[in-house]
Every structure is written in C-alpha cells, then in structure tokens.
Amino acid sequence: MSKRQSPTSQFRELMLKPGIIKTLGAHDVLTAVMVEQCGFDSVFIGGFGTSASLYGLPDLSFLGMTEMVDATRRMTHRVSIPVVADADTGHGDLHNVMRCVNEFECAGAAGIILEDQVFPKRCGHFGGKEVISADEMIMKFKAAVEARNDPDFLFIARTDARETDGLDEAIDRVNRYCDAGADVAFIEAPLSVNELEEICKRVEYPKFVNMLALGKTPILSAPELEEMGFKIMVAPIDSVLLTAHIMREMAETFKRDGHTKNLKDKMVGFDEIKDILGLPDYLSLKENLK
C-alpha cells in the first residue's frame with residue numbers, strides 16, 4: 001500500500017503548479033468535508049469562523065492556541081486535502097511562536113499564517129488595529145523557521161500595517177518578513193483595486209490575498225487576481241455568513257409554522273447527508289474486511 005503524501009508536500013506542489021490556488025474557509029469539519037467533496041485542492045481554517053463556531057464570539061482573541069490547534073487537528077484528521085491554519089500572532093513571544101509552529105505541525109496543518117498585530121489581535125477588517133515593530137516580527141519569523149521540523153511546512157507572512165502605517169510600509173514589511181524566512185506575503189485589507197495591483201508590482205514573493213465577503217477589500221474573481229499576480233486567494237468567512245443566514249431563516253420558519261417543510265428545497269436529502277458523512281463506508285466495513 002503506497003504511503004499517503006504529506007499535506008505539506010501536497011501544498012508545496014500546488015505552489016509550484018501554474019495558476020492561482022483557490023481556497024475556501026471552513027468554520028467546522030463538516031464544512032471542510034464539503035469543500036473537499038466539491039473538488040478544492042486545499043481548505044483554510046481561520047480564527048473568525050472558528051471563534052464563531054466554537055463559542056459564538058467575534059474574532060477578538062477569545063481563542064487560545066490550544067483551541068485553534070485542536071480545531072485544526074479535527075479538520076486534518078477528516079479531510080485529505082491540505083489545511084492551512086490561522087495562527088494569529090503566534091500566541092506570544094519568540095518561545096511561544098516556536099511552540100505554536102510545533103503544535104500546528106503536529107496537528108497536521110500544511111502551513112500557518114502569522115501576523116504582526118499587537119496582542120490581543122482582532123479580525124483584519126475590524127477597525128482599531130495596532131502592529132508590533134517590523135524588527136520584532138522579523139525575529140518571530142526567524143524563530144518560526146528555527147522551530148520548523150518539516151521543511152515543506154509553509155509560513156504565510158501577514159501584515160496589518162496597511163491600516164496603521166500605509167501601503168508603502170505594509171509592502172516593505174512583507175518583503176522583509178519573507179527575507180527572514182516566510183514563504184508567502186499577505187497584506188491584509190487593501191482598500192482598492194489599485195492597491196491590489198501595487199502589491200503585485202512591488203512584493204517580491206508569492207502573494208496571498210484575502211477576499212473577505214463584505215469587508216474592506218474589493219472582491220475580484222480568481223482569474224482577475226491571477227492576472228494581477230496573486231498565487232493564493234481565500235474566501236475565509238463565506239461559510240459563516242451563509243450558515244448564519246440559513247439558520248436564522250430556519251429558526252424563524254420553525255417558530256412561525258411549527259415545521260420546516262417549506263424549506264425542503266434548500267436542504268440536502270437525508271440519503272445525501274449520509275453519503276457526505278461516509279456512512280456507507282462504515283456500514284460496509286465488516287463485509288469489506290472478510
């Protein structure tokens with residue numbers, strides 16, 4: 001029996017292939033399963049969706065490292081595509097960053113995003129952000145590289161300096177972070193198409209872009225972003241927004257009517273959900289082992 005390719009090497013191969021990597025955020029494991037079954041090559045787990053899913057709370061550093069690592073581990077154990085995880089600020093100083101890298105590696109992640117916000121951090125499309133110095137963040141990336149056991153484990157360098165210090169500073173920072181060992185550059189919350197184009201012209205490394213629905217950055221299509229020069233795009237919270245919408249509709253319908261029969265066209269069938277969850281494989285296990 002051939003050995004399964006590691007998630008890290010899978011994602012490194014995706015990075016080397018032509019074309020943009022399109023990935024969706026999954027706020028829970030069932031969502032990640034659906035992302036994989038719809039044919040995506042990778043899936044993203046972010047702090048916004050995980051905080052909302054686990055605790056019903058906003059992305060304001062309510063999640064600790066262990067909680068995010070556990071959520072990532074549950075996802076990597078269920079899907080076979082690479083999972084890229086949000087590691088926030090690395091959850092502390094240099095020694096915390098090193099432990100953070102080890103924990104996410106052991107959880108099966110293909111890579112992590114590390115950002116330069118001051119702790120406690122907040123969603124990149126919220127106001128009132130602050131960032132640490134570029135020199136301090138460079139030290140964090142050097143520590144992360146030192147801690148990495150798998151050379152294919154990917155580091156995405158995120159800066160939130162666009163809001164605090166302007167686009168020029170943000171571009172300078174991500175270039176310096178990648179000089180220090182990060183693999184991919186990520187400037188959070190550009191405000192216009194012109195800024196997205198400027199990032200692609202002046203950032204010297206593979207580029208990640210966040211297409212956060214209803215956020216500060218204009219939403220462009222994958223072909224448009226690829227033509228600009230981005231390598232990875234993510235839609236991080238769409239599953240949360242859509243789930244919240246349909247759950248509210250379902251609750252209001254049930255409260256009003258006492259049933260949800262009028263929503264059946266929006267539901268997957270009972271047989272279909274059994275297939276999605278892999279029930280036939282489990283029920284046939286004994287027969288297949290004979």
# chains A, B, ... in the order shown; residues from 1 in each chain; ligands from 1
$ select_by_dssp --residues "segment 62-179 of chain A" --states "strand (DSSP E)" --output "compact mmCIF listing (two decimals) with N, CA and C atoms, in the first residue's frame"
# COMPACT_ATOMS: atom_id res chain seq x y z
N VAL A 83 -4.68 21.52 4.84
CA VAL A 83 -5.37 22.53 5.65
C VAL A 83 -4.35 23.61 6.03
N VAL A 84 -4.64 24.84 5.67
CA VAL A 84 -3.82 25.99 6.07
C VAL A 84 -4.53 26.68 7.23
N ALA A 85 -3.81 26.91 8.33
CA ALA A 85 -4.43 27.39 9.56
C ALA A 85 -3.98 28.80 9.91
N ASP A 86 -4.87 29.49 10.57
CA ASP A 86 -4.61 30.83 11.08
C ASP A 86 -3.98 30.71 12.47
N GLY A 111 0.45 24.44 6.69
CA GLY A 111 1.13 25.71 6.91
C GLY A 111 0.28 26.59 7.79
N ILE A 112 0.85 27.74 8.18
CA ILE A 112 0.14 28.67 9.05
C ILE A 112 0.36 30.10 8.57
N ILE A 113 -0.59 30.95 8.96
CA ILE A 113 -0.44 32.39 8.79
C ILE A 113 -0.01 32.97 10.13
N LEU A 114 1.04 33.78 10.09
CA LEU A 114 1.50 34.52 11.27
C LEU A 114 1.41 36.00 10.96
N GLU A 115 0.89 36.78 11.91
CA GLU A 115 0.64 38.20 11.66
C GLU A 115 1.34 39.09 12.67
N LEU A 154 4.60 25.48 5.49
CA LEU A 154 4.57 26.78 4.84
C LEU A 154 4.25 27.90 5.84
N PHE A 155 4.98 29.02 5.71
CA PHE A 155 4.70 30.20 6.51
C PHE A 155 4.17 31.32 5.60
N ILE A 156 2.99 31.81 5.95
CA ILE A 156 2.41 32.96 5.26
C ILE A 156 2.54 34.16 6.18
N ALA A 157 3.24 35.18 5.70
CA ALA A 157 3.51 36.38 6.50
C ALA A 157 2.43 37.41 6.25
N ARG A 158 1.67 37.68 7.30
CA ARG A 158 0.59 38.68 7.19
C ARG A 158 0.98 39.95 7.93
N THR A 159 0.75 41.08 7.28
CA THR A 159 0.88 42.35 7.98
C THR A 159 -0.44 43.10 7.97
$ residues_around --residues "segment 90-92 of chain A" --least-positions-apart "4" --cutoff "10 Å" --atoms "only C-alpha atoms" --output "PDB file with C-alpha atoms, in the first residue's frame"
ATOM      1  CA  SER A  61      -8.554  36.765  20.540  1.00  0.00           C
ATOM      2  CA  LEU A  63      -9.452  31.595  21.052  1.00  0.00           C
ATOM      3  CA  GLY A  64      -6.212  30.362  22.554  1.00  0.00           C
ATOM      4  CA  MET A  65      -3.549  28.465  20.675  1.00  0.00           C
ATOM      5  CA  THR A  66      -4.627  25.074  22.036  1.00  0.00           C
ATOM      6  CA  ASP A  86      -4.609  30.833  11.080  1.00  0.00           C
ATOM      7  CA  ASN A  96       5.519  30.870  22.120  1.00  0.00           C
ATOM      8  CA  VAL A  97       5.910  31.194  18.351  1.00  0.00           C
ATOM      9  CA  MET A  98       8.249  28.207  18.305  1.00  0.00           C
ATOM     10  CA  ARG A  99       5.793  26.103  20.290  1.00  0.00           C
ATOM     11  CA  CYS A 100       2.982  27.316  18.030  1.00  0.00           C
ATOM     12  CA  VAL A 101       4.818  26.045  14.948  1.00  0.00           C
ATOM     13  CA  ILE A 112       0.137  28.671   9.047  1.00  0.00           C
ATOM     14  CA  ILE A 113      -0.444  32.385   8.795  1.00  0.00           C
ATOM     15  CA  LEU A 114       1.495  34.521  11.269  1.00  0.00           C
ATOM     16  CA  GLU A 115       0.642  38.201  11.657  1.00  0.00           C
ATOM     17  CA  ASP A 116       2.184  41.318  13.140  1.00  0.00           C
ATOM     18  CA  VAL A 118      -0.318  43.593  18.822  1.00  0.00           C
ATOM     19  CA  PHE A 119      -1.911  41.006  21.127  1.00  0.00           C
ATOM     20  CA  PRO A 120      -4.848  40.830  21.724  1.00  0.00           C
ATOM     21  CA  LYS A 121      -5.440  40.919  17.994  1.00  0.00           C
ATOM     22  CA  LYS A 140       9.291  35.907  15.148  1.00  0.00           C
ATOM     23  CA  PHE A 141       9.741  34.561  11.629  1.00  0.00           C
ATOM     24  CA  ALA A 144       9.384  30.060  13.390  1.00  0.00           C
TER      25      ALA A 144
END
$ atom_distance --atom1 "atom CA of Glu287 of chain A" --atom2 "atom CA of Asp271 of chain A"
20.7 Å
$ residues_around --residues "segment 233-240 of chain A" --least-positions-apart "2" --cutoff "8 Å" --atoms "only C-alpha atoms" --output "count of residues only"
28
$ select_by_dssp --residues "segment 104-208 of chain A" --states "alpha helix (DSSP H)" --output "PyMOL selection string"
chain A and resi 104-106+134-147+161-165+167-179+193-202
$ write_last_selection --atoms "C-alpha atoms" --output "compact mmCIF listing (two decimals), in the first residue's frame"
# COMPACT_ATOMS: atom_id res chain seq x y z
CA PHE A 104 0.33 23.14 14.24
CA GLU A 105 2.83 20.83 12.54
CA CYS A 106 1.82 18.00 14.88
CA ALA A 134 8.79 45.15 11.90
CA ASP A 135 12.04 44.15 13.61
CA GLU A 136 10.14 42.28 16.31
CA MET A 137 8.09 40.43 13.71
CA ILE A 138 11.22 39.52 11.76
CA MET A 139 12.54 37.87 14.90
CA LYS A 140 9.29 35.91 15.15
CA PHE A 141 9.74 34.56 11.63
CA LYS A 142 13.33 33.62 12.34
CA ALA A 143 12.13 31.75 15.42
CA ALA A 144 9.38 30.06 13.39
CA VAL A 145 11.87 28.85 10.78
CA GLU A 146 14.16 27.58 13.54
CA ALA A 147 11.28 25.63 15.09
CA ALA A 161 0.23 47.71 8.70
CA ARG A 162 -1.86 48.92 5.74
CA GLU A 163 -4.35 50.47 8.16
CA THR A 164 -1.87 51.70 10.75
CA ASP A 165 1.07 52.91 8.65
CA LEU A 167 0.57 50.72 1.96
CA ASP A 168 4.27 51.53 1.48
CA GLU A 169 5.07 50.35 5.00
CA ALA A 170 2.95 47.22 4.54
CA ILE A 171 4.78 46.31 1.33
CA ASP A 172 8.16 46.91 2.93
CA ARG A 173 7.20 44.74 5.89
CA VAL A 174 6.06 41.66 3.95
CA ASN A 175 9.16 41.77 1.77
CA ARG A 176 11.31 41.88 4.91
CA TYR A 177 9.31 39.09 6.58
CA CYS A 178 9.84 36.86 3.55
CA ASP A 179 13.53 37.79 3.53
CA VAL A 193 -8.06 47.57 -6.95
CA ASN A 194 -5.17 49.98 -7.45
CA GLU A 195 -3.69 48.89 -4.12
CA LEU A 196 -4.02 45.23 -5.07
CA GLU A 197 -2.17 45.97 -8.32
CA GLU A 198 0.52 47.91 -6.46
CA ILE A 199 1.07 44.98 -4.10
CA CYS A 200 1.62 42.64 -7.03
CA LYS A 201 4.09 45.05 -8.64
CA ARG A 202 6.19 45.65 -5.53
$ atom_distance --atom1 "atom CA of Leu241 of chain A" --atom2 "atom CA of Cys123 of chain A"
14.9 Å
$ atom_distance --atom1 "atom CA of Ser9 of chain A" --atom2 "atom CA of Phe153 of chain A"
7.9 Å
$ residues_around --residues "segment 69-81 of chain A" --least-positions-apart "3" --cutoff "8 Å" --atoms "only C-alpha atoms" --output "PyMOL selection string"
chain A and resi 7+10+28-29+32-33+36+40-43+45+50+65-66+85+103-104+107-109
$ write_last_selection --atoms "N, CA and C atoms" --output "short mmCIF file (atom, residue, chain, number, x, y, z; two decimals), in the first residue's frame"
data_model
loop_
_atom_site.label_atom_id
_atom_site.label_comp_id
_atom_site.auth_asym_id
_atom_site.auth_seq_id
_atom_site.Cartn_x
_atom_site.Cartn_y
_atom_site.Cartn_z
N PRO A 7 0.46 16.44 3.79
CA PRO A 7 -0.22 17.68 3.43
C PRO A 7 0.75 18.80 3.06
N GLN A 10 1.96 18.19 -0.43
CA GLN A 10 0.85 18.45 -1.34
C GLN A 10 0.72 19.94 -1.62
N ASP A 28 -16.04 24.73 10.36
CA ASP A 28 -16.12 23.48 11.11
C ASP A 28 -15.75 22.33 10.18
N VAL A 29 -15.72 21.13 10.72
CA VAL A 29 -15.24 19.99 9.94
C VAL A 29 -16.20 19.60 8.83
N ALA A 32 -15.51 21.70 5.95
CA ALA A 32 -14.27 21.28 5.28
C ALA A 32 -14.51 20.05 4.42
N VAL A 33 -15.32 19.12 4.90
CA VAL A 33 -15.66 17.93 4.11
C VAL A 33 -16.36 18.34 2.82
N GLU A 36 -13.85 19.81 0.36
CA GLU A 36 -13.09 18.76 -0.32
C GLU A 36 -13.94 18.04 -1.35
N PHE A 40 -12.06 21.13 -4.22
CA PHE A 40 -10.98 22.06 -3.91
C PHE A 40 -9.72 21.29 -3.52
N ASP A 41 -8.57 21.91 -3.79
CA ASP A 41 -7.29 21.27 -3.51
C ASP A 41 -6.77 21.59 -2.11
N SER A 42 -7.38 22.54 -1.43
CA SER A 42 -6.97 22.89 -0.07
C SER A 42 -8.14 23.56 0.63
N VAL A 43 -7.99 23.72 1.95
CA VAL A 43 -9.04 24.37 2.74
C VAL A 43 -8.34 25.22 3.81
N ILE A 45 -8.65 27.23 7.59
CA ILE A 45 -9.36 27.37 8.85
C ILE A 45 -8.88 28.66 9.53
N THR A 50 -13.76 30.00 13.35
CA THR A 50 -13.62 29.07 14.47
C THR A 50 -14.15 29.68 15.76
N MET A 65 -4.26 29.30 21.62
CA MET A 65 -3.55 28.46 20.68
C MET A 65 -4.05 27.02 20.72
N THR A 66 -4.22 26.48 21.91
CA THR A 66 -4.63 25.07 22.04
C THR A 66 -5.98 24.83 21.38
N ALA A 85 -3.81 26.91 8.33
CA ALA A 85 -4.43 27.39 9.56
C ALA A 85 -3.98 28.80 9.91
N GLU A 103 3.14 22.81 17.40
CA GLU A 103 1.79 22.32 17.65
C GLU A 103 0.99 22.20 16.36
N PHE A 104 1.08 23.21 15.50
CA PHE A 104 0.33 23.14 14.24
C PHE A 104 0.92 22.08 13.31
N ALA A 107 -0.42 18.89 14.49
CA ALA A 107 -1.86 18.79 14.21
C ALA A 107 -2.14 18.44 12.76
N GLY A 108 -1.11 18.44 11.91
CA GLY A 108 -1.29 18.04 10.52
C GLY A 108 -1.53 19.17 9.55
N ALA A 109 -1.36 20.42 10.00
CA ALA A 109 -1.54 21.55 9.09
C ALA A 109 -0.46 21.56 8.02
#
